[in-house]
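Enquirer: Sharing a structure here in structure tokens format.
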Amino acid sequence: MQFFDLHSDTLALVGENDFFSPQAPINITYPKLLRGKVAVQCFAVCVPQTSVDSVLLGNEFIRRFDRITSEGNMPVILSADDVASASAQKPSALLALEGADMLAGDPDGIFRLYDKGVRLMTLTWNNSNPFAGGIGENAAGLTPLGRQLVANCHKLGVVMDVSHLSEKSFWDLTEVSPCPIIASHSNARALCSNKRNLSDDQIKAIAHLGGTVGINLYPPFLSDSGTAVLDDVIRHIEYMAALVGTEHISIGTDFDGVDNNLPRGIASPVDLPKIVAELCRLGYSTDAIDAICYGNAARVFTQVL
Ligand SMILES: [Zn+2]
């Protein structure tokens, strides 16, 4: 069994931590990707305009991505062929933009970032920006600039990610999507009422477009109590499996974006096989488990890239 992790914030932490050291106090390191059998790891550039110079810091995060992939000789996922040749023996990296703030309102800026390797894009973080409304404010939908940016992403073959979007932005995006979309790191709102989670109708819409939802391991998104164990992760998988089937569920850990606030017993990619063991015990077929851990995400990227 191998894994495709749709979301991490590790780029925020590899400025001061050694990605290749087994001792580095971060969730994701190269040795832990290998031990956890992660074949594809997404690395998000998350630089919302609210607090920082998003252009400057975004470029710094992309330099960090270039540095770890070249130092580690990690394959970078740029095409469907790259997805086909990805292997847990040699983890691949995929560059994601979480919030388009660093485009500074220019929808054509994505052409430059595509050249730098971006293949997954969330239009907003929680804040709204010139392209769309974010879930933190939850009012606006896609703006005319946002619609241009989405059209550019479709032209280039960049997967659109709805995690963090306002509900209006979500529905605006589904209306213009000719291809699968994903929610890289969001759970079911029916089980945990956090607004970052998805309603049943949203999960069904993602499934209808052929997309997939990455289960997020952050306890406040897993349980209204704010604390969580492995069973809470499984509960969200079982809920979505009953709602739309196992072919629309993936993993989006949010590792290194949650201040080590994780379900008991899960601290890094090394613990991901615990999800497999529990799904096995519950009687899920090997095919279904492989789809959740890897195949569904690989299908979407293969189709869109
Ligand atoms: Zn996020």
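Ordered as shown in the structure tokens, chains take letters A, B, and onward, while each chain numbers its residues from 1 and ligands are numbered from 1 in the order shown.
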Mind dumping a table of every range 152-224 of chain A residue within 7 Å of range 233-245 of chain A, with the nearest atom pair and its distance in Å to one decimal, using only C-alpha atoms, sorted by chain and rising number, as CSV?
Expert:
residue,atom,partner,partner_atom,distance
A:Asn187,CA,A:His236,CA,6.6
A:Ala188,CA,A:His236,CA,6.2
A:Lys204,CA,A:Val244,CA,6.3
A:Ala207,CA,A:Val244,CA,6.5
A:Leu217,CA,A:Val233,CA,6.8
A:Leu222,CA,A:Val233,CA,6.7
Enquirer: Keeping only all heavy atoms, take the residues you just selected and write them out as a short mmCIF file (atom, residue, chain, number, x, y, z; two decimals), in the first residue's frame.
Expert:
data_model
loop_
_atom_site.label_atom_id
_atom_site.label_comp_id
_atom_site.auth_asym_id
_atom_site.auth_seq_id
_atom_site.Cartn_x
_atom_site.Cartn_y
_atom_site.Cartn_z
N ASN A 187 -13.07 17.83 5.88
CA ASN A 187 -13.84 16.66 6.32
C ASN A 187 -15.34 16.87 6.15
O ASN A 187 -15.76 17.86 5.53
CB ASN A 187 -13.49 16.35 7.78
CG ASN A 187 -12.02 15.96 7.94
OD1 ASN A 187 -11.40 15.47 6.98
ND2 ASN A 187 -11.46 16.20 9.09
N ALA A 188 -16.13 15.96 6.72
CA ALA A 188 -17.59 16.02 6.59
C ALA A 188 -18.19 16.89 7.69
O ALA A 188 -18.01 16.62 8.88
CB ALA A 188 -18.17 14.62 6.65
N LYS A 204 -21.11 15.63 -2.44
CA LYS A 204 -21.76 15.02 -3.61
C LYS A 204 -21.36 15.72 -4.90
O LYS A 204 -21.16 15.08 -5.94
CB LYS A 204 -23.29 15.05 -3.46
CG LYS A 204 -23.83 14.06 -2.46
CD LYS A 204 -25.36 14.15 -2.44
CE LYS A 204 -25.95 13.46 -1.24
NZ LYS A 204 -27.35 13.86 -1.01
N ALA A 207 -17.92 14.61 -5.90
CA ALA A 207 -18.00 13.26 -6.44
C ALA A 207 -18.59 13.27 -7.85
O ALA A 207 -18.10 12.58 -8.76
CB ALA A 207 -18.83 12.37 -5.52
N LEU A 217 -6.39 15.53 9.10
CA LEU A 217 -6.13 14.90 10.41
C LEU A 217 -6.18 15.86 11.58
O LEU A 217 -5.93 15.46 12.72
CB LEU A 217 -4.75 14.20 10.38
CG LEU A 217 -4.56 13.12 9.32
CD1 LEU A 217 -3.16 12.49 9.45
CD2 LEU A 217 -5.62 12.04 9.42
N LEU A 222 -12.04 17.12 12.89
CA LEU A 222 -12.50 15.73 12.97
C LEU A 222 -13.65 15.56 13.95
O LEU A 222 -14.52 14.72 13.76
CB LEU A 222 -11.34 14.82 13.41
CG LEU A 222 -10.27 14.53 12.35
CD1 LEU A 222 -9.03 13.92 13.00
CD2 LEU A 222 -10.81 13.59 11.27
#
Enquirer: Within range 59-252 of chain A, find each residue whose DSSP state, derived from the backbone, is strand (DSSP E), and express the selection as a ChimeraX atom specification.
Expert: /A:92-98,118-122,159-161,182-183,212-215,249-251
Enquirer: What residues of the protein or nucleic acid chains come within 8 Å of ligand 1 when you use only C-alpha atoms and all ligand atoms? Reply as JSON, numbers by chain.
Expert: {"A": [7, 9, 46, 98, 125, 163, 164, 185, 254, 257]}
Enquirer: May I have the selected residues written with all heavy atoms, as an mmCIF file, in the first residue's frame?
Expert:
data_model
loop_
_atom_site.group_PDB
_atom_site.id
_atom_site.type_symbol
_atom_site.label_atom_id
_atom_site.label_comp_id
_atom_site.auth_asym_id
_atom_site.auth_seq_id
_atom_site.Cartn_x
_atom_site.Cartn_y
_atom_site.Cartn_z
ATOM 1 N N HIS A 7 -2.106 17.246 1.072
ATOM 2 C CA HIS A 7 -1.779 18.541 1.672
ATOM 3 C C HIS A 7 -0.802 18.470 2.839
ATOM 4 O O HIS A 7 -1.009 17.722 3.788
ATOM 5 C CB HIS A 7 -3.045 19.253 2.165
ATOM 6 C CG HIS A 7 -2.771 20.659 2.615
ATOM 7 N ND1 HIS A 7 -2.673 21.709 1.737
ATOM 8 C CD2 HIS A 7 -2.526 21.186 3.841
ATOM 9 C CE1 HIS A 7 -2.390 22.822 2.398
ATOM 10 N NE2 HIS A 7 -2.290 22.530 3.676
ATOM 11 N N ASP A 9 1.955 21.505 5.056
ATOM 12 C CA ASP A 9 2.506 22.863 5.157
ATOM 13 C C ASP A 9 3.997 22.822 5.479
ATOM 14 O O ASP A 9 4.539 23.761 6.065
ATOM 15 C CB ASP A 9 1.741 23.656 6.232
ATOM 16 C CG ASP A 9 0.363 24.067 5.739
ATOM 17 O OD1 ASP A 9 0.287 24.709 4.681
ATOM 18 O OD2 ASP A 9 -0.639 23.725 6.398
ATOM 19 N N CYS A 46 1.643 28.409 1.231
ATOM 20 C CA CYS A 46 0.513 29.094 1.878
ATOM 21 C C CYS A 46 0.998 30.422 2.441
ATOM 22 O O CYS A 46 1.653 30.471 3.473
ATOM 23 C CB CYS A 46 -0.067 28.224 2.989
ATOM 24 S SG CYS A 46 -1.497 28.999 3.768
ATOM 25 N N GLU A 98 -1.658 27.420 -2.008
ATOM 26 C CA GLU A 98 -2.824 27.461 -1.103
ATOM 27 C C GLU A 98 -3.176 28.930 -0.873
ATOM 28 O O GLU A 98 -2.626 29.584 -0.002
ATOM 29 C CB GLU A 98 -2.508 26.768 0.217
ATOM 30 C CG GLU A 98 -3.702 26.721 1.158
ATOM 31 C CD GLU A 98 -3.403 25.993 2.474
ATOM 32 O OE1 GLU A 98 -2.233 25.928 2.871
ATOM 33 O OE2 GLU A 98 -4.355 25.500 3.086
ATOM 34 N N TRP A 125 -6.976 31.188 0.813
ATOM 35 C CA TRP A 125 -6.910 30.592 2.150
ATOM 36 C C TRP A 125 -8.187 31.069 2.822
ATOM 37 O O TRP A 125 -9.174 31.329 2.127
ATOM 38 C CB TRP A 125 -5.604 31.046 2.839
ATOM 39 C CG TRP A 125 -5.355 30.321 4.140
ATOM 40 C CD1 TRP A 125 -5.083 28.988 4.298
ATOM 41 C CD2 TRP A 125 -5.367 30.896 5.443
ATOM 42 N NE1 TRP A 125 -4.938 28.699 5.630
ATOM 43 C CE2 TRP A 125 -5.106 29.855 6.358
ATOM 44 C CE3 TRP A 125 -5.572 32.184 5.941
ATOM 45 C CZ2 TRP A 125 -5.050 30.055 7.744
ATOM 46 C CZ3 TRP A 125 -5.515 32.377 7.314
ATOM 47 C CH2 TRP A 125 -5.249 31.338 8.200
ATOM 48 N N SER A 163 -10.760 23.407 -0.787
ATOM 49 C CA SER A 163 -10.586 23.609 0.655
ATOM 50 C C SER A 163 -10.305 25.088 0.904
ATOM 51 O O SER A 163 -9.537 25.700 0.164
ATOM 52 C CB SER A 163 -9.419 22.763 1.183
ATOM 53 O OG SER A 163 -9.766 21.397 1.207
ATOM 54 N N HIS A 164 -10.920 25.649 1.915
ATOM 55 C CA HIS A 164 -10.792 27.073 2.304
ATOM 56 C C HIS A 164 -11.699 28.020 1.511
ATOM 57 O O HIS A 164 -11.819 29.198 1.873
ATOM 58 C CB HIS A 164 -9.341 27.600 2.211
ATOM 59 C CG HIS A 164 -8.418 27.058 3.238
ATOM 60 N ND1 HIS A 164 -8.428 27.483 4.547
ATOM 61 C CD2 HIS A 164 -7.444 26.115 3.158
ATOM 62 C CE1 HIS A 164 -7.490 26.820 5.230
ATOM 63 N NE2 HIS A 164 -6.888 25.976 4.416
ATOM 64 N N HIS A 185 -7.931 19.090 1.835
ATOM 65 C CA HIS A 185 -7.857 18.809 3.280
ATOM 66 C C HIS A 185 -9.090 19.367 3.993
ATOM 67 O O HIS A 185 -9.045 20.400 4.628
ATOM 68 C CB HIS A 185 -6.543 19.320 3.877
ATOM 69 C CG HIS A 185 -6.241 20.791 3.708
ATOM 70 N ND1 HIS A 185 -6.268 21.437 2.493
ATOM 71 C CD2 HIS A 185 -5.899 21.737 4.609
ATOM 72 C CE1 HIS A 185 -5.955 22.707 2.667
ATOM 73 N NE2 HIS A 185 -5.735 22.929 3.939
ATOM 74 N N ASP A 254 -2.553 17.590 6.276
ATOM 75 C CA ASP A 254 -2.312 18.893 6.925
ATOM 76 C C ASP A 254 -1.098 18.829 7.855
ATOM 77 O O ASP A 254 -0.932 19.694 8.716
ATOM 78 C CB ASP A 254 -3.551 19.393 7.699
ATOM 79 C CG ASP A 254 -3.772 20.893 7.519
ATOM 80 O OD1 ASP A 254 -2.873 21.578 6.982
ATOM 81 O OD2 ASP A 254 -4.835 21.384 7.931
ATOM 82 N N GLY A 257 1.060 21.815 9.462
ATOM 83 C CA GLY A 257 0.238 23.023 9.446
ATOM 84 C C GLY A 257 -0.631 23.111 10.682
ATOM 85 O O GLY A 257 -1.513 23.965 10.779
#
Enquirer: I'd like to know which of A:Leu6, A:Leu13, A:Ala190, A:Leu165 is closest to Asn216 in chain A, using only C-alpha atoms.
Expert: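 Selected residue with least distance to Asn216 in chain A: A:Leu6.
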Enquirer: Between A:Arg63, A:Arg189, A:Lys90, A:Arg264, single out the one closest to Gln41 in chain A, counting only C-alpha atoms.
Expert: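 Of A:Arg63, A:Arg189, A:Lys90, A:Arg264, the one nearest Gln41 in chain A, counting only C-alpha atoms, is A:Lys90.
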Enquirer: Using CA of Gly99 in chain A and CA of Asn126 in chain A as the two end points, give the distance in Å to one decimal.
Expert: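 Atom-to-atom, CA of Gly99 in chain A to CA of Asn126 in chain A, that is 8.3 Å.
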Enquirer: Please identify all polymer residues within 7 Å of Leu97 in chain A, counting only C-alpha atoms, omitting same-chain residues fewer than 5 positions from it, and present them as a PDB file with C-alpha atoms, in the first residue's frame.
Expert:
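The file below, result_14.pdb, is the result:
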ATOM      1  CA  ALA A  44       1.620  23.862  -0.210  1.00  0.00           C
ATOM      2  CA  VAL A  45       2.830  27.417  -0.652  1.00  0.00           C
ATOM      3  CA  CYS A  46       0.513  29.094   1.878  1.00  0.00           C
ATOM      4  CA  VAL A 118       2.510  24.504  -9.519  1.00  0.00           C
ATOM      5  CA  LEU A 120      -2.642  22.296  -7.582  1.00  0.00           C
ATOM      6  CA  MET A 121      -4.320  25.555  -6.637  1.00  0.00           C
ATOM      7  CA  THR A 122      -6.662  26.742  -3.914  1.00  0.00           C
TER       8      THR A 122
END
Enquirer: Can you pull out every residue from range 158-270 of chain A that DSSP, working from the backbone, puts in alpha helix (DSSP H), and format the result as a count of residues only?
Expert: 38
Enquirer: Between CA of Asn138 in chain A and CA of Lys195 in chain A, measure the distance and give it in Å to one decimal.
Expert: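 Computed distance, CA of Asn138 in chain A to CA of Lys195 in chain A, equals 9.3 Å.
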Enquirer: Skip Val162 in chain A itself and residues of its chain fewer than 4 positions away, then list as a compact mmCIF listing (two decimals) with N, CA, C and O atoms, in the first residue's frame all residues within 7 Å of it, counting only C-alpha atoms.
Expert:
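out_37.txt was written with the following content:
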# COMPACT_ATOMS: atom_id res chain seq x y z
N THR A 122 -5.49 26.28 -4.65
CA THR A 122 -6.66 26.74 -3.91
C THR A 122 -6.73 28.24 -4.16
O THR A 122 -5.75 28.94 -3.94
N PHE A 170 -17.26 28.07 -3.84
CA PHE A 170 -17.33 26.63 -4.14
C PHE A 170 -18.33 26.37 -5.26
O PHE A 170 -18.01 25.73 -6.27
N ILE A 182 -10.84 18.88 -6.40
CA ILE A 182 -10.62 18.20 -5.13
C ILE A 182 -10.84 19.17 -3.97
O ILE A 182 -10.79 20.38 -4.14
N ALA A 183 -11.09 18.59 -2.79
CA ALA A 183 -10.93 19.32 -1.53
C ALA A 183 -9.73 18.66 -0.87
O ALA A 183 -9.82 17.52 -0.43
Enquirer: Point out the residue among A:Ile266, A:Ile181, A:Cys153, A:Leu123 with the least atom-to-atom distance to Gly141 in chain A, counting only C-alpha atoms.
Expert: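 Of A:Ile266, A:Ile181, A:Cys153, A:Leu123, the one nearest Gly141 in chain A, counting only C-alpha atoms, is A:Leu123.
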Enquirer: I need the residue nearest Cys192 in chain A from this list: A:Leu94, A:Ala228, A:Ala297, A:Leu173. Use only C-alpha atoms for the distance.
Expert: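 Selected residue with least distance to Cys192 in chain A: A:Ala228.
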Enquirer: Measuring atom to atom with only C-alpha atoms, identify which of A:Pro31, A:Gly265, A:Gly211, A:Gly283 is nearest to Thr174 in chain A.
Expert: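 The answer is A:Gly211, which sits nearest to Thr174 in chain A.
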Enquirer: Please list as a list in words every residue within 7 Å of Ala39 in chain A, counting only C-alpha atoms and excluding residues in the same chain fewer than 4 positions away.
Expert: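 So, after excluding close chain neighbours, the residues are Gln2, Phe3, Phe4, Ala86, Ser87, Ala88, Lys90, Pro91 and Ser92 of chain A.
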Enquirer: Once you count only C-alpha atoms, what closest atom pair and distance in Å to one decimal does each residue of range 66-105 of chain A within 8 Å of range 129-135 of chain A have, with rows by chain and rising residue number, as a Markdown table?
Expert:
| residue | atom | partner | partner_atom | distance |
| --- | --- | --- | --- | --- |
| A:Ala100 | CA | A:Phe131 | CA | 7.6 |
| A:Asp101 | CA | A:Asn129 | CA | 6.4 |
| A:Ala104 | CA | A:Pro130 | CA | 7.8 |
| A:Gly105 | CA | A:Pro130 | CA | 5.4 |
Enquirer: Extract, using only C-alpha atoms, all DNA, RNA and protein residues at most 10 Å from Gln303 in chain A, discarding same-chain residues fewer than 6 positions from it, and format them as a PDB file with C-alpha atoms, in the first residue's frame.
Expert:
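Resulting contents of around_1.pdb:
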ATOM      1  CA  SER A  79       2.560  15.523 -15.929  1.00  0.00           C
ATOM      2  CA  ALA A  80       0.291  12.478 -16.025  1.00  0.00           C
ATOM      3  CA  GLY A 157      -4.018  21.675 -16.482  1.00  0.00           C
ATOM      4  CA  VAL A 159      -6.094  20.878 -10.407  1.00  0.00           C
ATOM      5  CA  CYS A 179     -12.953  18.430 -15.024  1.00  0.00           C
ATOM      6  CA  PRO A 180     -12.591  16.885 -11.540  1.00  0.00           C
ATOM      7  CA  GLY A 210     -15.186  12.826 -10.518  1.00  0.00           C
TER       8      GLY A 210
END
Enquirer: Do you know which residues are at most 10 Å from Arg67 in chain A counting only C-alpha atoms, after dropping those on the same chain fewer than 6 positions away, and could you put them as a list in words?
Expert: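 In the requested format, the answer is Val14, Phe61 and Asn73 of chain A.
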Enquirer: Export, as a PDB file, in the first residue's frame, the selected residues with N, CA and C atoms.
Expert:
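Result written to part_28.pdb:
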ATOM      1  N   VAL A  14      10.690  24.143   6.615  1.00  0.00           N
ATOM      2  CA  VAL A  14      12.002  23.639   6.179  1.00  0.00           C
ATOM      3  C   VAL A  14      13.017  24.766   5.969  1.00  0.00           C
ATOM      4  N   PHE A  61       9.184  30.206  -0.478  1.00  0.00           N
ATOM      5  CA  PHE A  61       8.677  28.835  -0.307  1.00  0.00           C
ATOM      6  C   PHE A  61       8.969  27.999  -1.564  1.00  0.00           C
ATOM      7  N   ASN A  73      16.935  14.626  -4.711  1.00  0.00           N
ATOM      8  CA  ASN A  73      16.727  13.969  -5.986  1.00  0.00           C
ATOM      9  C   ASN A  73      15.298  13.401  -6.062  1.00  0.00           C
TER      10      ASN A  73
END
Enquirer: What is the distance between CA of Arg281 in chain A and CA of Asp5 in chain A, in Å to one decimal?
Expert: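 Computing it gives 22.1 Å between the two atoms.
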Enquirer: Using only C-alpha atoms, which residue out of A:Phe221, A:Phe111, A:Phe255, A:Tyr294 lies closest to Lys32 in chain A?
Expert: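 The shortest atom-to-atom distance to Lys32 in chain A comes from A:Phe255.
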